[in-house]
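Q: Below you'll find the structure I mean.
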Amino acid sequence: MRISLKWLSEYVDLPAPEELARRLTAVGFEIEAVERTGAELKGVVTARIAASEPHPNAEKLSVTRVDAGGAEPLQVVCGAKNYRVGDVVPLATVGAELPGGVKITKAKLRGVESFGMLCSARELGLSADASGLLILPPGTVPGTPIGEALGLDDVLFEVNVTPNRPDALSHVGIAREVAALLGQKVKLPKPGLVEGGGAAADAVKVRIEAPDKCARYAARVVEGVKIGPSPAWLARRLESCGIRSISNVVDATNYVLLELGHPLHAFDLDEVAGHEIVVRTARPGERITTLDGKERALEPDDLLIADRDRGSALAGVMGGGDSEISAGTTRVLLESAWFAPSGVRRTSRRHGLKSEASYRFERGADPGMVIPALDRCAALIAGLSGGTVRAGVVDAQARKVASPEVRMRWDRPAQVLGMPVSREDARRILLSLGFEERASDGDAVSFGVPSWRVDVAIEEDLVEEIVRTLGYDAIPETLPGPAVRTPAESAEAQAVARARAALEAAGFSEAVNFSFVAARDLEPLAAGLAADGIALRNPISADLAVMRTSLVPSLLRNAAHNRRQRVEDVRLYEIARAYGPRAAGTAGDAPSHEATEVAGVLLGRRSPVGWAVGGDVADFHDAKAAVQGLLEALGVEASWSAPGPGWLHPRTSAALRAPGGAALGELGELHPRVAEAFELPRGVLAFRLSLDALLAAARLVPQYRPIPRLPAVLRDVAVVVEDAVTAAAVEALVREEPLVEAVILFDVYKGAPLPPGRKNLALAITYRAPDRTLTDAEADAAHGRIVARLRERVGAELRG
């Protein structure tokens, strides 16, 4: 927000601009820029035309003698004709440089010397008017710098006001802060309101039909107004703060907005049907044309300022074009209201409309400023337009917006800040900021919060007011105490770190994606994963409209993007949360079930092409090796079973389970349908693991096992089984033998001479006894028991 120091000085005595900027920044209002206006008009002064005569050698020129405050009058050749002797006009003296880059020098025009240039408003950069000289008020003293004469000698602050401080979005709001800092009292502007004529209640009626969205709506009526341009002082003040001057009535509402921080709106009363204002929500199918000329379809949540027949304005956001102030307006209906911030914020975002009014209302306007701002603006309009303010205010108050009362313990500031704060300092600071002491005892005090401080609600807010006024640099510097105990790293953090290390050792790079995806990205993965993501109310875009139910879609989009950039070899993983629908009847009020996943995608060559490497294409076993490395890093024992879920290829996929049967995840080649949906070739591999399930099965602390002291006995066995019998099932039967220490599957064979539907599994078995050296007879007996068990349980035949 732009603040004029000249304007601000009307309410509080100011220090030097540099000191003021430092003090305001220290209390939370950062001064982002400082602009000194009028400096570009250095060398331009006011001058009274003492004499004028025609130029002897040029019909269109005149030779003037002007009093510029010096000892002798100056001779200046002028081409304008709109002045008279005695007028005061701007004079650019020799050496001055005008905003357009024109440098003024002593010159001879058609044989007559000229010591400067008399200027128009355009030549001074003040407006586009170049029809003649800028005529100044008659009482202007010759020799006055033009910036001072026109009120252009000002300092403007660009103040960064945080969203929780809407009270500071005005000159009076900043003046309150400055007064508290300097120990002064704010000199609030007086309305100077004079009423006349009939009662306002006879000219307009107000009715609130949406009390939850509008707590109060007040109106005044000004009659006999004459619409015209604003005086120069008003237009300059508005323009210096970034608001374009429109007309005297509209400018008055904007002036009060910048002065008091409360938005107002002026209607042409004769265009208000039935002379009645109804504050209501939009009706189904209702539309309104706003002041920017756009017709907008309204939602039932939109709050309207309507008359008897139609909507006239989007409440708190922008007025409508049907009842705006025009050149023919003679009667003005002036509005001042308090609208609920949440409703204004939703309407503003829904329609993509931002205005000075919405900026303030959606952060929280001051409910106590409704009537003072209305009176101030009505008085301004009457003074600027020659109108008469009807007696009284039409004040519809649906509910009272009460300010809270906050209790503060006297010792609480010291506890929070770590430095002593006396009761006298705490009381002085809070009272200077407008807080009202209500009740006090030996231990605590209650303060009534001023209506403009919507950000204060709890005890710590009062402590913050104290410390920012005292200055944050008043907090003593102290070294932190030594840590008595270092908390152990959580099991989840250990698991994530080990998973990252294992996957990066396998050549994977970590990806970080949004938690949102397009709804269409979940549809191809419906077989095996939740297809319906939780829809966002305000998505960033249509491609990020739902919460992802798995990390896989994001990684597949990453892989497709890499391929489009001609990166053929991709190994990516991600560890993050996935969001599934909460099961019915589940305790809690969260909208989703959040689970942490580890997922990865793999495509391209097994290793880079080189002199000694052929660059074979990565297959299922490469992905399985990466996942197996992750499992080993976590100490998880898992069994593999085929096939995996439907989003994976039924012939090249597997599901992982913990020894107790809990599902750990899945791994395999993408189903061709899924690969096509993501514009990927066939052969892309992906895996998805539940970190929560991995943690439940993990052994993060290694278990000590002594080195065997006794020799082992090695035996191989080859059995022929049905295709439906898995190697894991055969291995489990082998491990039932107590003397078996390890089992390794080292070959799987199908084909002649084996009959169709059968396969050969070759296993290497290690036998060892913990307390003795096994004899060949003991090993042979155990081996025989295993063969018999396989023959009995799975119909295995020993292959010769």
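As shown in the structure tokens, the chain order sets the letters A, B, ...; within each chain, residues go from 1, and ligands are also counted from 1 in the order they appear.
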Using the chain letters and numbers from this document, which residues of stretch 76-289 of chain A does DSSP assign to helix (DSSP H, G or I), as an NGL selection string?
A: :A and (146-149 or 166-168 or 171-182 or 200-202 or 232-240 or 248-260 or 269-271 or 273-275)
Q: Name all residues at most 9 Å from A:Leu333 (count only C-alpha atoms; drop same-chain ones fewer than 5 positions away) and give them as an MDAnalysis selection string.
A: chainID A and resid 204 219:223 265:270 272
Q: Using only C-alpha atoms, which of the listed residues (A:Leu739, A:Ala499, A:Leu691, A:Leu24) sits closest to A:Ala168?
A: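 With only C-alpha atoms as the atom set, the closest residue is A:Leu24.
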Q: DSSP on the backbone: what in stretch 12-113 of chain A comes out strand (DSSP E or B), as an MDAnalysis selection string?
A: chainID A and resid 30:37 44:55 58:67 74:78 88:92 97 103 107:109 112:113
Q: In Å, with one decimal, what is the gap from atom CA of A:Asp375 to atom CA of A:Ser170?
A: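 Computing it gives 17.1 Å between the two atoms.
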Q: So, with only C-alpha atoms as the atoms that count, which of A:Ile786, A:Leu798, A:Ala130, A:Ala444 lies closest to A:Val721?
A: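 Once distances to A:Val721 are computed over only C-alpha atoms, the minimum belongs to A:Leu798.
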Q: As a VMD selection string, please: the residues near stretch 663-676 of chain A (cut-off 8 Å, only C-alpha atoms, same-chain neighbours under 3 positions excluded).
A: chain A and resid 524 to 525 620 623 to 624 644 to 650 652 to 658 679 to 690 693 to 694
Q: May I have the residues from that selection written out with N, CA, C and O atoms, as a tab-separated table (two decimals), in the first residue's frame?
A:
chain	number	residue	atom	x	y	z
A	524	PRO	N	-6.46	-45.69	-15.84
A	524	PRO	CA	-5.79	-46.90	-16.34
A	524	PRO	C	-5.31	-47.83	-15.24
A	524	PRO	O	-5.09	-49.03	-15.49
A	525	LEU	N	-5.15	-47.32	-14.02
A	525	LEU	CA	-4.65	-48.13	-12.93
A	525	LEU	C	-5.77	-48.63	-12.03
A	525	LEU	O	-5.52	-49.07	-10.90
A	620	PHE	N	12.47	-57.78	-15.96
A	620	PHE	CA	11.84	-58.00	-14.66
A	620	PHE	C	12.86	-58.28	-13.57
A	620	PHE	O	12.73	-57.80	-12.43
A	623	ALA	N	14.49	-55.14	-12.08
A	623	ALA	CA	13.61	-54.46	-11.13
A	623	ALA	C	13.50	-55.26	-9.84
A	623	ALA	O	13.51	-54.70	-8.73
A	624	LYS	N	13.43	-56.59	-9.96
A	624	LYS	CA	13.34	-57.43	-8.76
A	624	LYS	C	14.61	-57.30	-7.93
A	624	LYS	O	14.55	-57.25	-6.69
A	644	GLY	N	0.88	-60.36	-10.31
A	644	GLY	CA	0.60	-59.15	-9.56
A	644	GLY	C	-0.79	-58.63	-9.89
A	644	GLY	O	-1.58	-59.29	-10.56
A	645	PRO	N	-1.13	-57.41	-9.44
A	645	PRO	CA	-2.46	-56.84	-9.69
A	645	PRO	C	-2.67	-56.52	-11.16
A	645	PRO	O	-1.75	-56.57	-11.98
A	646	GLY	N	-3.92	-56.13	-11.49
A	646	GLY	CA	-4.31	-55.99	-12.89
A	646	GLY	C	-3.62	-54.89	-13.66
A	646	GLY	O	-3.63	-54.91	-14.90
A	647	TRP	N	-3.02	-53.90	-13.00
A	647	TRP	CA	-2.35	-52.83	-13.75
A	647	TRP	C	-0.97	-53.28	-14.24
A	647	TRP	O	-0.31	-52.55	-14.98
A	648	LEU	N	-0.54	-54.49	-13.81
A	648	LEU	CA	0.72	-55.07	-14.26
A	648	LEU	C	0.45	-56.23	-15.22
A	648	LEU	O	-0.64	-56.81	-15.23
A	649	HIS	N	1.44	-56.56	-16.02
A	649	HIS	CA	1.31	-57.65	-16.99
A	649	HIS	C	1.15	-58.97	-16.24
A	649	HIS	O	1.95	-59.29	-15.35
A	650	PRO	N	0.14	-59.77	-16.58
A	650	PRO	CA	-0.12	-61.00	-15.80
A	650	PRO	C	1.02	-62.02	-15.88
A	650	PRO	O	1.17	-62.85	-14.99
A	652	THR	N	4.36	-61.19	-16.28
A	652	THR	CA	5.65	-60.66	-15.81
A	652	THR	C	5.41	-59.74	-14.62
A	652	THR	O	5.68	-58.54	-14.66
A	653	SER	N	4.86	-60.27	-13.56
A	653	SER	CA	4.59	-59.47	-12.37
A	653	SER	C	4.54	-60.38	-11.16
A	653	SER	O	4.43	-61.60	-11.27
A	654	ALA	N	4.64	-59.79	-10.01
A	654	ALA	CA	4.62	-60.55	-8.76
A	654	ALA	C	4.11	-59.66	-7.65
A	654	ALA	O	4.27	-58.44	-7.68
A	655	ALA	N	3.49	-60.31	-6.66
A	655	ALA	CA	3.07	-59.63	-5.44
A	655	ALA	C	4.00	-60.04	-4.31
A	655	ALA	O	4.49	-61.17	-4.28
A	656	LEU	N	4.28	-59.13	-3.40
A	656	LEU	CA	5.17	-59.40	-2.28
A	656	LEU	C	4.36	-59.49	-1.00
A	656	LEU	O	3.46	-58.67	-0.76
A	657	ARG	N	4.71	-60.48	-0.18
A	657	ARG	CA	4.04	-60.63	1.11
A	657	ARG	C	5.07	-60.91	2.19
A	657	ARG	O	6.11	-61.52	1.95
A	658	ALA	N	4.74	-60.42	3.39
A	658	ALA	CA	5.58	-60.68	4.55
A	658	ALA	C	5.36	-62.12	5.01
A	658	ALA	O	4.36	-62.76	4.63
A	679	GLU	N	1.50	-43.17	-22.84
A	679	GLU	CA	2.36	-42.94	-24.01
A	679	GLU	C	3.77	-43.50	-23.77
A	679	GLU	O	4.78	-42.86	-24.06
A	680	LEU	N	3.81	-44.71	-23.22
A	680	LEU	CA	5.07	-45.38	-22.94
A	680	LEU	C	5.16	-46.65	-23.76
A	680	LEU	O	4.14	-47.27	-24.09
A	681	PRO	N	6.35	-47.12	-24.09
A	681	PRO	CA	6.49	-48.36	-24.84
A	681	PRO	C	6.25	-49.56	-23.93
A	681	PRO	O	6.20	-49.44	-22.70
A	682	ARG	N	6.15	-50.72	-24.53
A	682	ARG	CA	6.03	-51.93	-23.74
A	682	ARG	C	7.38	-52.24	-23.09
A	682	ARG	O	8.42	-51.85	-23.59
A	683	GLY	N	7.31	-52.95	-21.99
A	683	GLY	CA	8.54	-53.31	-21.30
A	683	GLY	C	8.91	-52.39	-20.15
A	683	GLY	O	9.93	-52.59	-19.50
A	684	VAL	N	8.07	-51.37	-19.86
A	684	VAL	CA	8.35	-50.49	-18.73
A	684	VAL	C	8.03	-51.24	-17.44
A	684	VAL	O	6.98	-51.88	-17.32
A	685	LEU	N	8.93	-51.16	-16.46
A	685	LEU	CA	8.78	-51.87	-15.20
A	685	LEU	C	8.47	-50.88	-14.09
A	685	LEU	O	8.98	-49.75	-14.09
A	686	ALA	N	7.66	-51.29	-13.15
A	686	ALA	CA	7.29	-50.41	-12.04
A	686	ALA	C	7.08	-51.25	-10.79
A	686	ALA	O	6.76	-52.44	-10.86
A	687	PHE	N	7.28	-50.61	-9.65
A	687	PHE	CA	6.97	-51.28	-8.38
A	687	PHE	C	6.34	-50.28	-7.43
A	687	PHE	O	6.52	-49.06	-7.56
A	688	ARG	N	5.58	-50.81	-6.50
A	688	ARG	CA	4.90	-50.00	-5.49
A	688	ARG	C	4.90	-50.79	-4.19
A	688	ARG	O	4.42	-51.93	-4.14
A	689	LEU	N	5.46	-50.20	-3.13
A	689	LEU	CA	5.56	-50.87	-1.84
A	689	LEU	C	4.97	-49.97	-0.76
A	689	LEU	O	5.08	-48.75	-0.83
A	690	SER	N	4.36	-50.59	0.23
A	690	SER	CA	3.81	-49.85	1.37
A	690	SER	C	4.90	-49.70	2.42
A	690	SER	O	5.39	-50.70	2.96
A	693	ALA	N	3.74	-51.18	5.78
A	693	ALA	CA	3.84	-52.63	5.86
A	693	ALA	C	5.30	-53.06	5.96
A	693	ALA	O	5.63	-54.01	6.68
A	694	LEU	N	6.19	-52.38	5.25
A	694	LEU	CA	7.61	-52.70	5.35
A	694	LEU	C	8.13	-52.47	6.76
A	694	LEU	O	8.92	-53.26	7.29
Q: Find the spatial neighbours of stretch 209-212 of chain A, counting only C-alpha atoms, within a cut-off of 10 Å - ignore same-chain residues fewer than 6 positions away - and output them as a PyMOL selection string.
A: chain A and resi 278-281+303-304+339-340+343+397-399
Q: Rank A:Val172, A:Ala327, A:Ala396, A:Asn57 by their smallest atom-to-atom distance to A:Lys226, using only C-alpha atoms, and report the top residue only.
A: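 Smallest distance to A:Lys226 is found for A:Ala327.
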Q: Work out how far apart atom CA of A:Ala215 and atom CA of A:Arg349 are and give it in Å to one decimal.
A: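 Value for the atom CA of A:Ala215-atom CA of A:Arg349 distance: 21.5 Å.
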Q: Restricting the calculation to only C-alpha atoms: of A:Asp13, A:Asp366, A:Glu299, A:Asp622, which residue gets closest to A:Val178?
A: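 Using only C-alpha atoms, the shortest distance to A:Val178 belongs to A:Asp13.
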Q: At a cut-off of 10 Å, using only C-alpha atoms, what residues contact A:Gly261? Leave out same-chain residues fewer than 6 positions from it and give the result as a PyMOL selection string.
A: chain A and resi 166-173+254-255+356-357+360-361+365-366+369+373+452
Q: So that I have them on file, write out the residues from the current selection with N, CA, C and O atoms, as a tab-separated table (two decimals), in the first residue's frame.
A:
chain	number	residue	atom	x	y	z
A	166	PRO	N	-5.37	-5.95	8.39
A	166	PRO	CA	-6.14	-5.08	7.49
A	166	PRO	C	-6.35	-3.69	8.06
A	166	PRO	O	-6.63	-2.75	7.31
A	167	ASP	N	-6.22	-3.52	9.37
A	167	ASP	CA	-6.41	-2.19	9.97
A	167	ASP	C	-5.34	-1.21	9.51
A	167	ASP	O	-5.54	0.00	9.61
A	168	ALA	N	-4.21	-1.72	9.01
A	168	ALA	CA	-3.13	-0.84	8.57
A	168	ALA	C	-3.21	-0.49	7.09
A	168	ALA	O	-2.29	0.14	6.56
A	169	LEU	N	-4.30	-0.85	6.44
A	169	LEU	CA	-4.45	-0.54	5.02
A	169	LEU	C	-5.11	0.83	4.84
A	169	LEU	O	-6.02	1.00	4.02
A	170	SER	N	-4.64	1.80	5.58
A	170	SER	CA	-5.18	3.15	5.49
A	170	SER	C	-4.20	4.10	6.15
A	170	SER	O	-3.31	3.69	6.89
A	171	HIS	N	-4.38	5.39	5.89
A	171	HIS	CA	-3.51	6.39	6.51
A	171	HIS	C	-3.78	6.49	8.02
A	171	HIS	O	-2.84	6.63	8.81
A	172	VAL	N	-5.03	6.42	8.44
A	172	VAL	CA	-5.32	6.46	9.87
A	172	VAL	C	-4.78	5.22	10.57
A	172	VAL	O	-4.28	5.29	11.69
A	173	GLY	N	-4.85	4.07	9.90
A	173	GLY	CA	-4.31	2.85	10.50
A	173	GLY	C	-2.82	2.94	10.74
A	173	GLY	O	-2.32	2.56	11.82
A	254	ASN	N	-13.31	6.87	-2.62
A	254	ASN	CA	-11.95	6.34	-2.63
A	254	ASN	C	-11.06	7.07	-1.62
A	254	ASN	O	-10.16	6.47	-1.03
A	255	TYR	N	-11.31	8.35	-1.44
A	255	TYR	CA	-10.52	9.13	-0.48
A	255	TYR	C	-10.74	8.58	0.94
A	255	TYR	O	-9.79	8.37	1.69
A	356	GLU	N	-9.93	-2.77	-4.60
A	356	GLU	CA	-9.48	-2.22	-3.33
A	356	GLU	C	-10.44	-2.60	-2.21
A	356	GLU	O	-10.03	-2.84	-1.07
A	357	ALA	N	-11.74	-2.67	-2.53
A	357	ALA	CA	-12.74	-3.03	-1.52
A	357	ALA	C	-12.59	-4.49	-1.12
A	357	ALA	O	-12.57	-4.82	0.08
A	360	ARG	N	-9.74	-5.42	1.20
A	360	ARG	CA	-9.91	-5.10	2.61
A	360	ARG	C	-10.98	-5.95	3.27
A	360	ARG	O	-10.81	-6.44	4.38
A	361	PHE	N	-12.12	-6.11	2.58
A	361	PHE	CA	-13.21	-6.87	3.19
A	361	PHE	C	-12.83	-8.32	3.44
A	361	PHE	O	-13.20	-8.90	4.46
A	365	ALA	N	-12.79	-6.13	7.63
A	365	ALA	CA	-12.96	-4.69	7.82
A	365	ALA	C	-13.34	-4.40	9.28
A	365	ALA	O	-13.74	-5.29	10.04
A	366	ASP	N	-13.21	-3.15	9.65
A	366	ASP	CA	-13.50	-2.72	11.02
A	366	ASP	C	-15.01	-2.51	11.17
A	366	ASP	O	-15.57	-1.58	10.58
A	369	MET	N	-16.21	1.01	12.15
A	369	MET	CA	-15.96	2.13	11.24
A	369	MET	C	-17.12	2.33	10.27
A	369	MET	O	-17.08	3.25	9.44
A	373	ALA	N	-17.14	6.20	8.82
A	373	ALA	CA	-16.75	6.33	7.42
A	373	ALA	C	-17.90	6.86	6.57
A	373	ALA	O	-17.70	7.67	5.65
A	452	TRP	N	-10.95	-2.57	15.32
A	452	TRP	CA	-10.15	-2.67	14.09
A	452	TRP	C	-9.08	-3.75	14.15
A	452	TRP	O	-8.47	-4.07	13.16
Q: Skipping near chain neighbours, those fewer than 2 positions away, what residues fall within 9 Å of A:Asp87 using only C-alpha atoms, listed as a ChimeraX atom specification?
A: /A:47-50,83-85,89,135-138
Q: Please dump the current selection as a short mmCIF file (atom, residue, chain, number, x, y, z; two decimals), in the first residue's frame; keep N, CA and C atoms.
A:
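Just written: out.cif:
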data_model
loop_
_atom_site.label_atom_id
_atom_site.label_comp_id
_atom_site.auth_asym_id
_atom_site.auth_seq_id
_atom_site.Cartn_x
_atom_site.Cartn_y
_atom_site.Cartn_z
N ALA A 47 5.44 32.21 -10.97
CA ALA A 47 5.79 33.57 -11.45
C ALA A 47 4.50 34.32 -11.80
N ARG A 48 4.46 35.60 -11.41
CA ARG A 48 3.31 36.45 -11.75
C ARG A 48 3.64 37.25 -13.00
N ILE A 49 2.75 37.22 -13.98
CA ILE A 49 2.95 37.95 -15.23
C ILE A 49 2.69 39.43 -14.96
N ALA A 50 3.76 40.23 -15.01
CA ALA A 50 3.65 41.66 -14.72
C ALA A 50 3.31 42.47 -15.95
N TYR A 83 -3.56 33.42 -20.95
CA TYR A 83 -3.26 34.11 -19.70
C TYR A 83 -3.63 35.59 -19.80
N ARG A 84 -3.67 36.22 -18.62
CA ARG A 84 -3.86 37.66 -18.54
C ARG A 84 -2.78 38.22 -17.61
N VAL A 85 -2.51 39.49 -17.78
CA VAL A 85 -1.54 40.13 -16.89
C VAL A 85 -2.06 40.02 -15.46
N VAL A 89 1.68 31.75 -12.97
CA VAL A 89 1.88 30.56 -13.81
C VAL A 89 3.22 29.91 -13.44
N ILE A 135 -2.69 27.85 -15.09
CA ILE A 135 -2.98 29.04 -14.29
C ILE A 135 -3.13 28.61 -12.83
N LEU A 136 -2.35 29.21 -11.95
CA LEU A 136 -2.34 28.85 -10.54
C LEU A 136 -3.26 29.79 -9.76
N PRO A 137 -3.65 29.40 -8.52
CA PRO A 137 -4.52 30.27 -7.72
C PRO A 137 -3.93 31.67 -7.55
N PRO A 138 -4.77 32.71 -7.53
CA PRO A 138 -4.27 34.10 -7.52
C PRO A 138 -3.38 34.42 -6.33
#
Q: Taking 5 positions as the minimum chain separation for residues in the same chain, which residues sit within 8 Å of A:Arg606 when counting only C-alpha atoms? Answer as a PyMOL selection string.
A: chain A and resi 615-619+622
Q: Output N, CA, C and O atoms of each residue in that selection to a file, as a PDB file, in the first residue's frame.
A:
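Output contents, as saved in again33.pdb:
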ATOM      1  N   GLY A 615      24.690 -53.091 -23.564  1.00  0.00           N
ATOM      2  CA  GLY A 615      23.499 -52.288 -23.347  1.00  0.00           C
ATOM      3  C   GLY A 615      22.217 -53.071 -23.495  1.00  0.00           C
ATOM      4  O   GLY A 615      21.280 -52.643 -24.180  1.00  0.00           O
ATOM      5  N   ASP A 616      22.148 -54.267 -22.855  1.00  0.00           N
ATOM      6  CA  ASP A 616      20.926 -55.064 -22.910  1.00  0.00           C
ATOM      7  C   ASP A 616      19.779 -54.329 -22.228  1.00  0.00           C
ATOM      8  O   ASP A 616      19.978 -53.550 -21.283  1.00  0.00           O
ATOM      9  N   VAL A 617      18.577 -54.597 -22.691  1.00  0.00           N
ATOM     10  CA  VAL A 617      17.395 -53.948 -22.138  1.00  0.00           C
ATOM     11  C   VAL A 617      17.096 -54.518 -20.758  1.00  0.00           C
ATOM     12  O   VAL A 617      17.151 -55.732 -20.547  1.00  0.00           O
ATOM     13  N   ALA A 618      16.794 -53.636 -19.812  1.00  0.00           N
ATOM     14  CA  ALA A 618      16.459 -54.074 -18.458  1.00  0.00           C
ATOM     15  C   ALA A 618      15.157 -54.864 -18.469  1.00  0.00           C
ATOM     16  O   ALA A 618      14.232 -54.561 -19.231  1.00  0.00           O
ATOM     17  N   ASP A 619      15.087 -55.892 -17.614  1.00  0.00           N
ATOM     18  CA  ASP A 619      13.898 -56.729 -17.567  1.00  0.00           C
ATOM     19  C   ASP A 619      13.403 -56.880 -16.139  1.00  0.00           C
ATOM     20  O   ASP A 619      13.869 -56.198 -15.221  1.00  0.00           O
ATOM     21  N   ASP A 622      15.906 -57.230 -13.267  1.00  0.00           N
ATOM     22  CA  ASP A 622      16.613 -56.021 -12.817  1.00  0.00           C
ATOM     23  C   ASP A 622      15.774 -55.262 -11.795  1.00  0.00           C
ATOM     24  O   ASP A 622      16.293 -54.798 -10.767  1.00  0.00           O
TER      25      ASP A 622
END
